[in-house]
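Here is the structure we will look at.
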Amino acid sequence: MTTEKTFYLETFGCQMNAHDSEKVIGTLVGEGYRQVENEVDASLILYNTCSIRDKAEQKVFNRLNDYKKLYKSGKRFAVLGCVAQQEGEKIFERAPYVSLVSGSASYRKLPEMLARVEAGENRVTGLDDRQTDETFETELTSRQSPFRAYITIIEGCDKFCAYCVVPYTRGKERSRTSESVLEEARRIIDQGYTEIQLLGQNVNSWKDPEGKRSFAELLAAVGEIAGVRRVRFMTSHPRDFTREIVDVIDSVPTLCDHVHLPVQSGSTRILNQMNREYTRDWYLERISWIKAAKRRIALTTDIIVGFPGETPEEFIETMDMLHDVQYDAVFGFKYSPRPNTPALVMIDSISEEEKARRLDVLLERQHEIQRAININYIGQEMEVMVEGFNTTRNQIMGRSSQYKTVNYTTSSLIAPAVGSYARVRVTGAHPNSLVGEAIL
Ligand code: 5AD
Ligand code: SF4
């Protein structure tokens, strides 16, 4: 008698991680596993971890402690992702019931690693670090969203920002060829998707290994595939942000009018300490290109407050940045020291209370800016892609090309399909969303 192989996968972290999980799921299904909804029914439990901030390692070990109770029933456990890469074999010491530890740079070896786990091996590892040149491309990707398809075009990171674990957890930068990206994009469109999001830790640092296309040319080529309606890309690094990217958004209508361009700080001295390789003025110059585009391109950013040594005046420079740029959304974080990073040896003397205060002040100010920006949309018509429904409020939830959430009502008795497009007139605005009515 053969017992059925089942797995349960839990995922944390960024979109890259979520998309890695889609590829891991596809690979497991290809190996004869069936995905189940909870730990109890699974013969293999996988935990895809993130270590970007806070006490991520501790959280992972706490979660593994919960899993320990399930161990008796003969289940297998795997820790994947950034904490797996960062902690490596230490995970086996602290959680001996774990049989597989693998970082993302080793996922192409998953079938082989799984076979070893199934054969009863206890300490299987995939800890390829910055030496590897391999990317994880698989036709078996099990896309979890019915409307937005992700494609990783570049893995790893070579930037080494002083605060960041990613270069240590995801290995060195490896770009896929434009031919392989385009082939995947065409396949996805044939499957019925209309929105593609190109992913990379520094997506615009992508370089065609065959030298055929620049990043902007790749954007154009994806945007011109018949059947594509929306193309997004995340996350851009200011250092590699070219004017050509804005030109291509101007000339290819399917490229969404949204750029996520993390600034991290408004102070040139702090940017230098962070090893960001640009100054405040250099960043603002790129913003001026984006603002000069034919369409209004929405701008979003990431900001870290309380980086070691950030003075109150330098924090004010970041506040001024909000005013100067007028972002559509800001993801703000309190600096948290991460293992292996250069900033770890800098004196982190700003108290948690002061970091929290700076973050509150920043987000409060940004809230008001977003309120003022969004009011300008009242009365405008926009195309919205339907993502879901709020049945209690009788609203349909969708996103504009600028990635703004639009909650709208319709007089139609037929609910629109998730993934379909609707024309909506904006009737109201909040800091984080717009409200509207379908134009039938
Ligand atoms: N502390 C706080 N925020 C961080 N980020 C990355 N590393 C840290 C850290 N050590 C933030 C950055 C990055 C986003 C994904 O997370 O703003 O752009
Ligand atoms: Fe988290 Fe960074 Fe790893 Fe993404 S790459 S999962 S954000 S640590």
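Just remember, in the structure tokens the first chain shown is A, the second B, etc., residues are 1-based per chain, and ligands are 1-based in the order shown.
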
Per residue of chain A within 6 Å of ligand 2, note the shortest atom pair and the distance in Å to one decimal, counting only C-alpha atoms and all ligand atoms, and order the rows by chain and increasing residue number, as a Markdown table.
| residue | atom | partner | partner_atom_place_in_ligand_line | distance |
| --- | --- | --- | --- | --- |
| A:Gly13 | CA | ligand 2 | 6 (S) | 4.2 |
| A:Cys14 | CA | ligand 2 | 4 (Fe) | 4.2 |
| A:Met16 | CA | ligand 2 | 4 (Fe) | 5.8 |
| A:Asn17 | CA | ligand 2 | 6 (S) | 5.0 |
| A:Cys50 | CA | ligand 2 | 1 (Fe) | 3.8 |
| A:Ser51 | CA | ligand 2 | 8 (S) | 4.2 |
| A:Ile52 | CA | ligand 2 | 8 (S) | 3.8 |
| A:Cys82 | CA | ligand 2 | 3 (Fe) | 4.7 |
| A:Val166 | CA | ligand 2 | 2 (Fe) | 5.1 |

Those of stretch 55-304 of chain A in DSSP alpha helix (DSSP H), formatted as a ChimeraX atom specification
/A:56-68,81-87,90-94,110-118,166-169,178-190,215-223,243-251,268-273,280-291

Dump the neighbourhood of ligand 1 as a PyMOL selection string: all residues within 8 Å, distances computed on only C-alpha atoms and all ligand atoms.
chain A and resi 14+52-54+163-165+262-264+301-305+307+331-338

Please give the complete set of residues from stretch 239-406 of chain A that DSSP, run on the backbone, assigns to strand (DSSP E or B), formatted as a ChimeraX atom specification.
/A:255,258-260,264,298-305,329-334,381-390,395-400,405-406

When you look at A:Ser420 with a cut-off of 9 Å (counting only C-alpha atoms), what residues show up, excluding the ones that are within fewer than 3 positions of it in the same chain? I need them as an MDAnalysis selection string.
chainID A and resid 147 194 384:387 416:417

Output file for the residues above (N, CA and C atoms, as a compact mmCIF listing (two decimals), in the first residue's frame):
# COMPACT_ATOMS: atom_id res chain seq x y z
N PHE A 147 -5.77 36.36 -11.22
CA PHE A 147 -5.75 37.54 -12.09
C PHE A 147 -4.39 38.18 -12.28
N THR A 194 -4.22 38.57 -17.78
CA THR A 194 -4.05 39.82 -18.54
C THR A 194 -3.08 40.76 -17.83
N VAL A 384 -10.62 49.82 -13.91
CA VAL A 384 -10.32 49.11 -12.67
C VAL A 384 -10.33 47.62 -12.96
N MET A 385 -9.34 46.91 -12.43
CA MET A 385 -9.40 45.45 -12.54
C MET A 385 -10.02 44.88 -11.27
N VAL A 386 -11.03 44.06 -11.44
CA VAL A 386 -11.78 43.52 -10.29
C VAL A 386 -10.92 42.48 -9.56
N GLU A 387 -10.76 42.70 -8.24
CA GLU A 387 -9.96 41.75 -7.45
C GLU A 387 -10.80 41.00 -6.42
N PRO A 416 -19.43 41.17 -11.52
CA PRO A 416 -18.37 41.01 -12.50
C PRO A 416 -17.42 39.88 -12.09
N ALA A 417 -16.74 39.30 -13.06
CA ALA A 417 -15.80 38.22 -12.76
C ALA A 417 -14.51 38.83 -12.18

Write out as a PDB file with C-alpha atoms, in the first residue's frame each polymer residue whose atoms come within 7 Å of A:Ile439, counting only C-alpha atoms; drop sequence neighbours fewer than 2 positions from it.
ATOM      1  CA  ARG A 423     -14.936  51.559 -16.066  1.00  0.00           C
ATOM      2  CA  VAL A 424     -15.548  53.428 -12.852  1.00  0.00           C
ATOM      3  CA  ARG A 425     -16.302  57.058 -12.029  1.00  0.00           C
ATOM      4  CA  GLU A 437     -19.611  53.845  -9.323  1.00  0.00           C
TER       5      GLU A 437
END

Which residues are close to A:Gly32, i.e. within 12 Å by only C-alpha atoms, leaving aside same-chain residues fewer than 2 positions away? Reply as a PyMOL selection string.
chain A and resi 2-7+25-30+34-35+111+114-115

Have a look at atom CA of A:Ile91 and atom CA of A:Glu31 and let me know their distance in Å, one decimal.
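Between atom CA of A:Ile91 and atom CA of A:Glu31 the gap works out to 25.2 Å.
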
Atomic distance atom CA of A:Arg371 - atom CA of A:His430, expressed in Å with one decimal:
5.8 Å

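In this structure, atom CA of A:Ser349 sits 18.1 Å away from atom CA of A:Ser267.
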
Hey, what's within 8 Å of A:Arg143 if we count only C-alpha atoms and toss same-chain stuff fewer than 6 positions away? As a ChimeraX atom specification, please?
/A:19,22-23,149

Based on the selection just made, write all heavy atoms of those residues as an mmCIF file, in the first residue's frame.
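Okay, part_5.cif is ready:
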data_model
loop_
_atom_site.group_PDB
_atom_site.id
_atom_site.type_symbol
_atom_site.label_atom_id
_atom_site.label_comp_id
_atom_site.auth_asym_id
_atom_site.auth_seq_id
_atom_site.Cartn_x
_atom_site.Cartn_y
_atom_site.Cartn_z
ATOM 1 N N HIS A 19 5.961 34.374 -4.638
ATOM 2 C CA HIS A 19 6.076 33.755 -5.957
ATOM 3 C C HIS A 19 6.979 32.515 -5.911
ATOM 4 O O HIS A 19 6.713 31.515 -6.579
ATOM 5 C CB HIS A 19 6.576 34.777 -6.975
ATOM 6 C CG HIS A 19 6.673 34.233 -8.366
ATOM 7 N ND1 HIS A 19 5.666 33.483 -8.933
ATOM 8 C CD2 HIS A 19 7.654 34.286 -9.298
ATOM 9 C CE1 HIS A 19 6.023 33.111 -10.155
ATOM 10 N NE2 HIS A 19 7.229 33.581 -10.388
ATOM 11 N N GLU A 22 4.861 29.777 -5.059
ATOM 12 C CA GLU A 22 4.078 29.260 -6.207
ATOM 13 C C GLU A 22 4.903 28.248 -6.999
ATOM 14 O O GLU A 22 4.380 27.259 -7.503
ATOM 15 C CB GLU A 22 3.653 30.409 -7.125
ATOM 16 C CG GLU A 22 2.701 31.399 -6.473
ATOM 17 C CD GLU A 22 2.228 32.501 -7.416
ATOM 18 O OE1 GLU A 22 2.932 32.831 -8.403
ATOM 19 O OE2 GLU A 22 1.138 33.044 -7.164
ATOM 20 N N LYS A 23 6.204 28.517 -7.088
ATOM 21 C CA LYS A 23 7.066 27.599 -7.839
ATOM 22 C C LYS A 23 7.329 26.323 -7.030
ATOM 23 O O LYS A 23 7.386 25.228 -7.582
ATOM 24 C CB LYS A 23 8.374 28.299 -8.228
ATOM 25 C CG LYS A 23 8.121 29.451 -9.214
ATOM 26 C CD LYS A 23 9.374 29.986 -9.845
ATOM 27 C CE LYS A 23 9.911 31.192 -9.139
ATOM 28 N NZ LYS A 23 11.012 31.853 -9.863
ATOM 29 N N ALA A 149 -0.293 37.560 -12.588
ATOM 30 C CA ALA A 149 0.744 36.537 -12.694
ATOM 31 C C ALA A 149 2.117 37.162 -12.478
ATOM 32 O O ALA A 149 2.444 38.187 -13.086
ATOM 33 C CB ALA A 149 0.672 35.875 -14.063
#

Surrounding residues of A:Gln402 excluding itself and chain neighbours under 4 positions, 8 Å, only C-alpha atoms, as a PyMOL selection string:
chain A and resi 256-258+297-298

For A:Met397, the nearest of the candidates A:Ser433, A:Asn122, A:Ser265, A:Asn65, counting only C-alpha atoms:
A:Ser433

Under the rule that only C-alpha atoms are counted, which of A:Ser142, A:Arg357, A:Val252, A:Gly266 is the nearest residue to A:Ile316?
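Checking each candidate against A:Ile316, we get A:Gly266 as the closest.
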
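With only C-alpha atoms as the atoms that count, the residue of A:Asn202, A:Thr132, A:Ser73, A:Ser214 with the shortest distance to A:Met234 is A:Asn202.
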
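If you measure from each of A:Glu244, A:Asp208, A:Glu195, A:Glu354 to A:Gly227 using only C-alpha atoms, the closest one turns out to be A:Glu195.
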
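Using only C-alpha atoms, the smallest distance between any of A:Asn394, A:Tyr403, A:Lys90, A:Lys172 and A:Gln197 comes from A:Tyr403.
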